[in-house]
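This is target16.json (JSON, C-alpha atoms).
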```
[["chain", "number", "residue", "atom", "x", "y", "z"],
["A", 1, "MET", "CA", 14.49, -12.37, -8.71],
["A", 2, "SER", "CA", 15.99, -15.71, -7.84],
["A", 3, "SER", "CA", 15.84, -18.20, -10.71],
["A", 4, "ASP", "CA", 14.87, -21.06, -8.37],
["A", 5, "TRP", "CA", 11.66, -19.35, -7.20],
["A", 6, "SER", "CA", 8.46, -20.86, -8.52],
["A", 7, "SER", "CA", 5.70, -18.70, -9.99],
["A", 8, "VAL", "CA", 1.99, -18.81, -9.34],
["A", 9, "GLU", "CA", -1.18, -17.08, -10.51],
["A", 10, "PHE", "CA", -1.59, -14.23, -8.03],
["A", 11, "GLN", "CA", -5.21, -15.09, -7.16],
["A", 12, "LYS", "CA", -4.09, -18.48, -5.80],
["A", 13, "LEU", "CA", -2.46, -16.58, -2.94],
["A", 14, "PHE", "CA", -5.64, -14.65, -1.97],
["A", 15, "LEU", "CA", -7.55, -15.26, 1.25],
["A", 16, "VAL", "CA", -10.57, -13.40, -0.19],
["A", 17, "PRO", "CA", -11.25, -12.07, -3.70],
["A", 18, "LEU", "CA", -9.95, -8.63, -4.70],
["A", 19, "ARG", "CA", -12.27, -5.76, -3.81],
["A", 20, "ASN", "CA", -12.73, -2.16, -4.93],
["A", 21, "GLY", "CA", -13.44, 0.31, -2.14],
["A", 22, "LEU", "CA", -16.21, 2.72, -1.19],
["A", 23, "THR", "CA", -17.45, 5.78, -3.04],
["A", 24, "ARG", "CA", -18.06, 8.77, -0.80],
["A", 25, "PRO", "CA", -18.63, 12.29, -2.18],
["A", 26, "LYS", "CA", -16.72, 15.15, -0.56],
["A", 27, "ALA", "CA", -20.01, 16.54, 0.79],
["A", 28, "VAL", "CA", -20.35, 13.67, 3.32],
["A", 29, "ARG", "CA", -16.70, 13.56, 4.39],
["A", 30, "GLY", "CA", -15.54, 14.92, 7.71],
["A", 31, "SER", "CA", -16.70, 12.45, 10.36],
["A", 32, "GLY", "CA", -16.88, 8.71, 10.77],
["A", 33, "VAL", "CA", -14.29, 6.08, 9.88],
["A", 34, "LYS", "CA", -10.87, 6.85, 8.39],
["A", 35, "MET", "CA", -10.68, 6.19, 4.63],
["A", 36, "ILE", "CA", -7.50, 5.63, 2.61],
["A", 37, "ASN", "CA", -7.55, 7.73, -0.57],
["A", 38, "MET", "CA", -5.28, 7.91, -3.60],
["A", 39, "GLY", "CA", -3.29, 10.66, -1.85],
["A", 40, "GLU", "CA", -2.20, 8.38, 0.99],
["A", 41, "LEU", "CA", -1.41, 5.56, -1.44],
["A", 42, "PHE", "CA", 0.78, 7.69, -3.72],
["A", 43, "ALA", "CA", 2.56, 9.40, -0.82],
["A", 44, "ASN", "CA", 3.33, 6.26, 1.22],
["A", 45, "GLU", "CA", 4.76, 2.84, 0.45],
["A", 46, "ARG", "CA", 3.57, 1.71, 3.89],
["A", 47, "ILE", "CA", 0.36, 3.12, 5.34],
["A", 48, "GLY", "CA", -0.17, 3.27, 9.07],
["A", 49, "ASN", "CA", -1.56, 5.74, 11.62],
["A", 50, "LEU", "CA", -1.87, 8.59, 9.09],
["A", 51, "PRO", "CA", -4.32, 11.47, 9.19],
["A", 52, "MET", "CA", -7.03, 10.73, 6.60],
["A", 53, "ASP", "CA", -10.48, 11.85, 5.47],
["A", 54, "ARG", "CA", -13.31, 10.43, 7.56],
["A", 55, "VAL", "CA", -16.51, 9.07, 6.08],
["A", 56, "PRO", "CA", -19.78, 7.65, 7.41],
["A", 57, "VAL", "CA", -20.09, 3.88, 6.92],
["A", 58, "THR", "CA", -22.61, 1.26, 7.99],
["A", 59, "ASP", "CA", -21.52, -1.77, 10.03],
["A", 60, "LYS", "CA", -21.94, -3.94, 6.92],
["A", 61, "GLU", "CA", -19.81, -1.60, 4.79],
["A", 62, "LEU", "CA", -17.13, -1.61, 7.47],
["A", 63, "SER", "CA", -17.12, -5.39, 7.68],
["A", 64, "VAL", "CA", -16.49, -5.85, 3.94],
["A", 65, "ASN", "CA", -14.35, -2.76, 3.25],
["A", 66, "ALA", "CA", -12.03, -2.71, 6.26],
["A", 67, "VAL", "CA", -8.29, -2.97, 5.75],
["A", 68, "TYR", "CA", -6.12, -5.04, 8.05],
["A", 69, "PRO", "CA", -2.37, -5.19, 8.62],
["A", 70, "GLY", "CA", -0.74, -7.02, 5.72],
["A", 71, "ASP", "CA", -3.38, -5.96, 3.15],
["A", 72, "LEU", "CA", -2.08, -4.63, -0.17],
["A", 73, "LEU", "CA", -3.71, -1.64, -1.85],
["A", 74, "PHE", "CA", -3.33, -1.01, -5.58],
["A", 75, "ALA", "CA", -4.15, 2.19, -7.48],
["A", 76, "ARG", "CA", -6.81, 1.34, -10.07],
["A", 77, "GLN", "CA", -5.99, 4.37, -12.17],
["A", 78, "SER", "CA", -3.59, 7.25, -12.55],
["A", 79, "LEU", "CA", -2.98, 10.15, -14.88],
["A", 80, "VAL", "CA", 0.48, 8.70, -15.57],
["A", 81, "LEU", "CA", 1.57, 5.17, -16.43],
["A", 82, "SER", "CA", 3.94, 4.95, -13.45],
["A", 83, "GLY", "CA", 1.06, 5.47, -11.01],
["A", 84, "ALA", "CA", -1.32, 2.86, -12.41],
["A", 85, "GLY", "CA", -1.20, -0.27, -10.27],
["A", 86, "LYS", "CA", 1.02, 1.37, -7.63],
["A", 87, "CYS", "CA", 1.07, -0.90, -4.58],
["A", 88, "SER", "CA", 1.24, 0.10, -0.90],
["A", 89, "LEU", "CA", 1.14, -2.04, 2.23],
["A", 90, "PHE", "CA", -1.28, -1.30, 5.06],
["A", 91, "ILE", "CA", 0.70, -1.86, 8.25],
["A", 92, "GLU", "CA", -1.55, -0.64, 11.07],
["A", 93, "ASP", "CA", -3.87, 1.92, 12.55],
["A", 94, "LYS", "CA", -5.23, 2.53, 16.02],
["A", 95, "GLU", "CA", -8.81, 2.50, 14.73],
["A", 96, "PRO", "CA", -10.85, 0.95, 11.91],
["A", 97, "VAL", "CA", -9.93, 2.04, 8.36],
["A", 98, "VAL", "CA", -11.69, 1.58, 5.01],
["A", 99, "PHE", "CA", -10.51, 2.41, 1.48],
["A", 100, "GLU", "CA", -11.91, 4.35, -1.44],
["A", 101, "SER", "CA", -13.21, 3.17, -4.80],
["A", 102, "HIS", "CA", -10.11, 4.11, -6.83],
["A", 103, "LEU", "CA", -8.17, 1.45, -4.90],
["A", 104, "ILE", "CA", -8.15, -2.35, -5.06],
["A", 105, "ARG", "CA", -7.65, -4.25, -1.79],
["A", 106, "CYS", "CA", -5.75, -7.52, -1.86],
["A", 107, "ARG", "CA", -5.81, -9.75, 1.23],
["A", 108, "LEU", "CA", -3.34, -12.60, 0.99],
["A", 109, "ASP", "CA", -3.59, -16.00, 2.67],
["A", 110, "ARG", "CA", -0.88, -15.74, 5.34],
["A", 111, "ALA", "CA", -0.25, -19.49, 5.12],
["A", 112, "LYS", "CA", 0.94, -18.95, 1.53],
["A", 113, "ALA", "CA", 2.09, -15.37, 1.16],
["A", 114, "ASP", "CA", 3.50, -12.41, 3.07],
["A", 115, "GLY", "CA", 2.02, -8.97, 2.32],
["A", 116, "GLY", "CA", 5.31, -7.23, 3.08],
["A", 117, "PHE", "CA", 7.17, -9.35, 0.55],
["A", 118, "TYR", "CA", 4.60, -8.73, -2.18],
["A", 119, "SER", "CA", 4.56, -4.98, -1.54],
["A", 120, "TYR", "CA", 8.32, -4.96, -2.20],
["A", 121, "TYR", "CA", 7.91, -7.37, -5.12],
["A", 122, "PHE", "CA", 5.48, -5.03, -6.90],
["A", 123, "ARG", "CA", 7.92, -2.13, -6.34],
["A", 124, "SER", "CA", 10.78, -4.15, -7.88],
["A", 125, "THR", "CA", 11.68, -3.97, -11.57],
["A", 126, "SER", "CA", 10.21, -7.44, -12.19],
["A", 127, "GLY", "CA", 7.00, -6.79, -10.27],
["A", 128, "ARG", "CA", 6.48, -3.38, -11.85],
["A", 129, "ALA", "CA", 6.92, -4.95, -15.30],
["A", 130, "LYS", "CA", 4.15, -7.42, -14.43],
["A", 131, "ILE", "CA", 1.84, -4.56, -13.43],
["A", 132, "GLU", "CA", 2.66, -2.56, -16.55],
["A", 133, "SER", "CA", 1.76, -5.60, -18.67],
["A", 134, "ILE", "CA", -1.89, -5.20, -17.57],
["A", 135, "VAL", "CA", -2.14, -1.39, -17.64],
["A", 136, "GLU", "CA", -4.66, 0.00, -20.11],
["A", 137, "GLN", "CA", -3.94, 3.52, -21.33],
["A", 138, "VAL", "CA", -6.90, 5.59, -22.53],
["A", 139, "SER", "CA", -7.33, 9.12, -21.12],
["A", 140, "ALA", "CA", -5.80, 7.80, -17.88],
["A", 141, "ALA", "CA", -3.75, 4.69, -17.15],
["A", 142, "GLY", "CA", -5.50, 1.96, -15.18],
["A", 143, "ILE", "CA", -5.69, -1.68, -14.17],
["A", 144, "ARG", "CA", -8.58, -4.08, -13.61],
["A", 145, "GLY", "CA", -8.78, -6.39, -10.63],
["A", 146, "SER", "CA", -9.57, -9.34, -12.91],
["A", 147, "ASP", "CA", -6.26, -8.82, -14.75],
["A", 148, "LEU", "CA", -4.34, -8.32, -11.50],
["A", 149, "ALA", "CA", -5.71, -11.60, -10.12],
["A", 150, "LYS", "CA", -4.43, -13.53, -13.16],
["A", 151, "LEU", "CA", -0.85, -12.18, -13.07],
["A", 152, "GLU", "CA", 1.88, -14.79, -12.75],
["A", 153, "VAL", "CA", 3.98, -13.66, -9.78],
["A", 154, "ALA", "CA", 7.16, -14.92, -8.16],
["A", 155, "HIS", "CA", 6.44, -17.25, -5.25],
["A", 156, "PRO", "CA", 9.45, -18.09, -3.08],
["A", 157, "PRO", "CA", 8.98, -20.21, 0.05],
["A", 158, "LEU", "CA", 7.05, -18.37, 2.78],
["A", 159, "THR", "CA", 10.12, -18.32, 5.08],
["A", 160, "THR", "CA", 12.09, -16.57, 2.31],
["A", 161, "GLN", "CA", 9.25, -14.09, 1.76],
["A", 162, "LYS", "CA", 9.17, -13.23, 5.46],
["A", 163, "ALA", "CA", 12.96, -12.89, 5.69],
["A", 164, "ILE", "CA", 13.09, -10.55, 2.69],
["A", 165, "ALA", "CA", 10.17, -8.46, 3.97],
["A", 166, "HIS", "CA", 11.76, -8.24, 7.43],
["A", 167, "ILE", "CA", 15.13, -7.05, 6.12],
["A", 168, "LEU", "CA", 13.64, -4.50, 3.73],
["A", 169, "GLY", "CA", 11.12, -3.36, 6.34],
["A", 170, "THR", "CA", 13.92, -2.82, 8.86],
["A", 171, "LEU", "CA", 15.80, -0.72, 6.31],
["A", 172, "ASP", "CA", 12.65, 1.32, 5.59],
["A", 173, "ASP", "CA", 12.16, 1.87, 9.34],
["A", 174, "LYS", "CA", 15.77, 3.10, 9.64],
["A", 175, "ILE", "CA", 15.37, 5.44, 6.64],
["A", 176, "GLU", "CA", 12.16, 6.84, 8.15],
["A", 177, "LEU", "CA", 13.87, 7.37, 11.52],
["A", 178, "ASN", "CA", 16.83, 9.10, 9.84],
["A", 179, "LEU", "CA", 14.48, 11.43, 7.93],
["A", 180, "LYS", "CA", 12.68, 12.36, 11.15],
["A", 181, "THR", "CA", 16.02, 12.91, 12.92],
["A", 182, "ASN", "CA", 17.20, 15.14, 10.05],
["A", 183, "GLU", "CA", 13.98, 17.18, 10.25],
["A", 184, "THR", "CA", 14.44, 17.63, 14.01],
["A", 185, "LEU", "CA", 18.10, 18.63, 13.62],
["A", 186, "GLU", "CA", 17.22, 21.08, 10.85],
["A", 187, "ALA", "CA", 14.52, 22.67, 13.01],
["A", 188, "MET", "CA", 17.01, 22.98, 15.90],
["A", 189, "ALA", "CA", 19.64, 24.53, 13.61],
["A", 190, "LYS", "CA", 17.11, 27.08, 12.29],
["A", 191, "ALA", "CA", 16.05, 27.95, 15.84],
["A", 192, "LEU", "CA", 19.69, 28.44, 16.91],
["A", 193, "PHE", "CA", 20.47, 30.52, 13.84],
["A", 194, "LYS", "CA", 17.41, 32.68, 14.49],
["A", 195, "SER", "CA", 18.32, 33.15, 18.17],
["A", 196, "TRP", "CA", 21.93, 34.11, 17.30],
["A", 197, "PHE", "CA", 21.47, 36.28, 14.24],
["A", 198, "VAL", "CA", 17.89, 37.54, 14.07]]
```
Starting from the file, lay out its structure as structure tokens.
Amino acid sequence: MSSDWSSVEFQKLFLVPLRNGLTRPKAVRGSGVKMINMGELFANERIGNLPMDRVPVTDKELSVNAVYPGDLLFARQSLVLSGAGKCSLFIEDKEPVVFESHLIRCRLDRAKADGGFYSYYFRSTSGRAKIESIVEQVSAAGIRGSDLAKLEVAHPPLTTQKAIAHILGTLDDKIELNLKTNETLEAMAKALFKSWFV
């Protein structure tokens, strides 16, 4: 982290207070609104347009538990220390999306903070150390929203945040494209091999 960046209590960057998500038993899942679970969070640094469980929600529940592009999602608990407080960025979806109770949603004030920057910050060595400073380890590792809100975090100028998030996001997009290209080429190679030798 740059030594000339200021620091700020994380909650001073929030547009709305932190929120835990919805509880929905497996018995009611299957139709309704898409819901981000721990599985999507742990499998993806950036969440957008993924297949997910669907759950019934009321209009009021949707209004207070929806996720929007730029929202951060943190894992409240994990069986391992490295998973507690894991942060992912919600980037988009073609339809409304909510999140489950094992996650904490953080919506930043865009006039002060960039969600993309802070998703990379909390994946950095410095940001991860901040998260680990608030992890409580009992039978599982976990964090509390009240502790997360009080963390002192790096706070570079907004233009710097956006530039860093743009560069790193572009690299992530390129990596994702290369992985998809490799999968396609591998499938083509297997098909050719099969047609020639099987």
Could you give me, as CSV, every region 39-121 of chain A residue with an atom at most 12 Å from region 9-21 of chain A, plus its closest atom pair and distance in Å to one decimal, counting all atoms listed in the file, rows ordered by chain then number?
```
residue,atom,partner,partner_atom,distance
A:Val57,CA,A:Gly21,CA,11.8
A:Glu61,CA,A:Gly21,CA,9.6
A:Leu62,CA,A:Gly21,CA,10.5
A:Ser63,CA,A:Gly21,CA,11.9
A:Val64,CA,A:Arg19,CA,8.8
A:Asn65,CA,A:Gly21,CA,6.3
A:Ala66,CA,A:Gly21,CA,9.0
A:Val67,CA,A:Gly21,CA,10.0
A:Gly70,CA,A:Leu15,CA,11.6
A:Asp71,CA,A:Phe14,CA,10.3
A:Leu72,CA,A:Leu18,CA,9.9
A:Leu73,CA,A:Asn20,CA,9.5
A:Phe74,CA,A:Asn20,CA,9.5
A:Ala75,CA,A:Asn20,CA,10.0
A:Arg76,CA,A:Asn20,CA,8.6
A:Gln77,CA,A:Asn20,CA,11.9
A:Val97,CA,A:Gly21,CA,11.2
A:Val98,CA,A:Gly21,CA,7.5
A:Phe99,CA,A:Gly21,CA,5.1
A:Glu100,CA,A:Gly21,CA,4.4
A:Ser101,CA,A:Gly21,CA,3.9
A:His102,CA,A:Gly21,CA,6.9
A:Leu103,CA,A:Asn20,CA,5.8
A:Ile104,CA,A:Asn20,CA,4.6
A:Arg105,CA,A:Arg19,CA,5.3
A:Cys106,CA,A:Leu18,CA,5.2
A:Arg107,CA,A:Leu15,CA,5.8
A:Leu108,CA,A:Phe14,CA,4.3
A:Asp109,CA,A:Leu15,CA,4.3
A:Arg110,CA,A:Leu15,CA,7.8
A:Ala111,CA,A:Leu13,CA,8.8
A:Lys112,CA,A:Leu13,CA,6.1
A:Ala113,CA,A:Leu13,CA,6.2
A:Asp114,CA,A:Leu13,CA,9.4
A:Gly115,CA,A:Leu13,CA,10.3
A:Tyr118,CA,A:Phe10,CA,10.1
```
**OP:** Quick one: pull the distance between CA of Ala27 (chain A) and CA of Val55 (chain A), Å, one decimal.
**Re:**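 Interatomic distance, CA of Ala27 (chain A) to CA of Val55 (chain A): 9.8 Å.
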With a distance cut-off of 12 Å and only C-alpha atoms, select the neighbouring residues of Glu152 (chain A), excluding the residue or stretch itself and same-chain residues fewer than 5 positions from it, and output the selection as a PDB file with C-alpha atoms, in the frame of the given file.
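So around07.pdb came out as:
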```
ATOM      1  CA  SER A   6       8.460 -20.860  -8.520  1.00  0.00           C
ATOM      2  CA  SER A   7       5.700 -18.700  -9.990  1.00  0.00           C
ATOM      3  CA  VAL A   8       1.990 -18.810  -9.340  1.00  0.00           C
ATOM      4  CA  GLU A   9      -1.180 -17.080 -10.510  1.00  0.00           C
ATOM      5  CA  PHE A  10      -1.590 -14.230  -8.030  1.00  0.00           C
ATOM      6  CA  GLN A  11      -5.210 -15.090  -7.160  1.00  0.00           C
ATOM      7  CA  LYS A  12      -4.090 -18.480  -5.800  1.00  0.00           C
ATOM      8  CA  LEU A  13      -2.460 -16.580  -2.940  1.00  0.00           C
ATOM      9  CA  PHE A 122       5.480  -5.030  -6.900  1.00  0.00           C
ATOM     10  CA  SER A 126      10.210  -7.440 -12.190  1.00  0.00           C
ATOM     11  CA  GLY A 127       7.000  -6.790 -10.270  1.00  0.00           C
ATOM     12  CA  ALA A 129       6.920  -4.950 -15.300  1.00  0.00           C
ATOM     13  CA  LYS A 130       4.150  -7.420 -14.430  1.00  0.00           C
ATOM     14  CA  ILE A 131       1.840  -4.560 -13.430  1.00  0.00           C
ATOM     15  CA  SER A 133       1.760  -5.600 -18.670  1.00  0.00           C
ATOM     16  CA  ILE A 134      -1.890  -5.200 -17.570  1.00  0.00           C
ATOM     17  CA  ASP A 147      -6.260  -8.820 -14.750  1.00  0.00           C
TER      18      ASP A 147
END
```
Original post:
Hey, can you check how far CA of Ile91 (chain A) sits from CA of Glu186 (chain A)?
Top reply: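 The value is 28.4 Å.
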**OP:** Could you please determine the separation between CA of Lys26 (chain A) and CA of Ser119 (chain A) in Å, to one decimal place?
**Re:** 29.3 Å
Original post:
Near Pro25 (chain A), counting only C-alpha atoms, which residues have an atom at most 12 Å away, once you skip same-chain residues fewer than 3 positions from it, shown as a list in words?
Top reply: Leu22, Val28, Arg29, Gly30, Asp53, Arg54, Val55, Pro56, Glu100 and Ser101 of chain A
**OP:** Pick out the closest residue to Lys34 (chain A) from this set: A:Met188, A:Met52, A:Leu148, A:Ile47. Count only C-alpha atoms.
**Re:** A:Met52
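Closest approach to Glu45 (chain A) from the set A:Leu168, A:Ala191, A:Ala141, A:Ala149 is made by A:Leu168, with distances taken over only C-alpha atoms.
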Original post:
With all atoms listed in the file as the atoms that count, which of A:Ala165, A:Val33, A:Leu177, A:Ala43 lies nearest to Thr58 (chain A)?
Top reply: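 Of A:Ala165, A:Val33, A:Leu177, A:Ala43, the one nearest Thr58 (chain A), counting all atoms listed in the file, is A:Val33.
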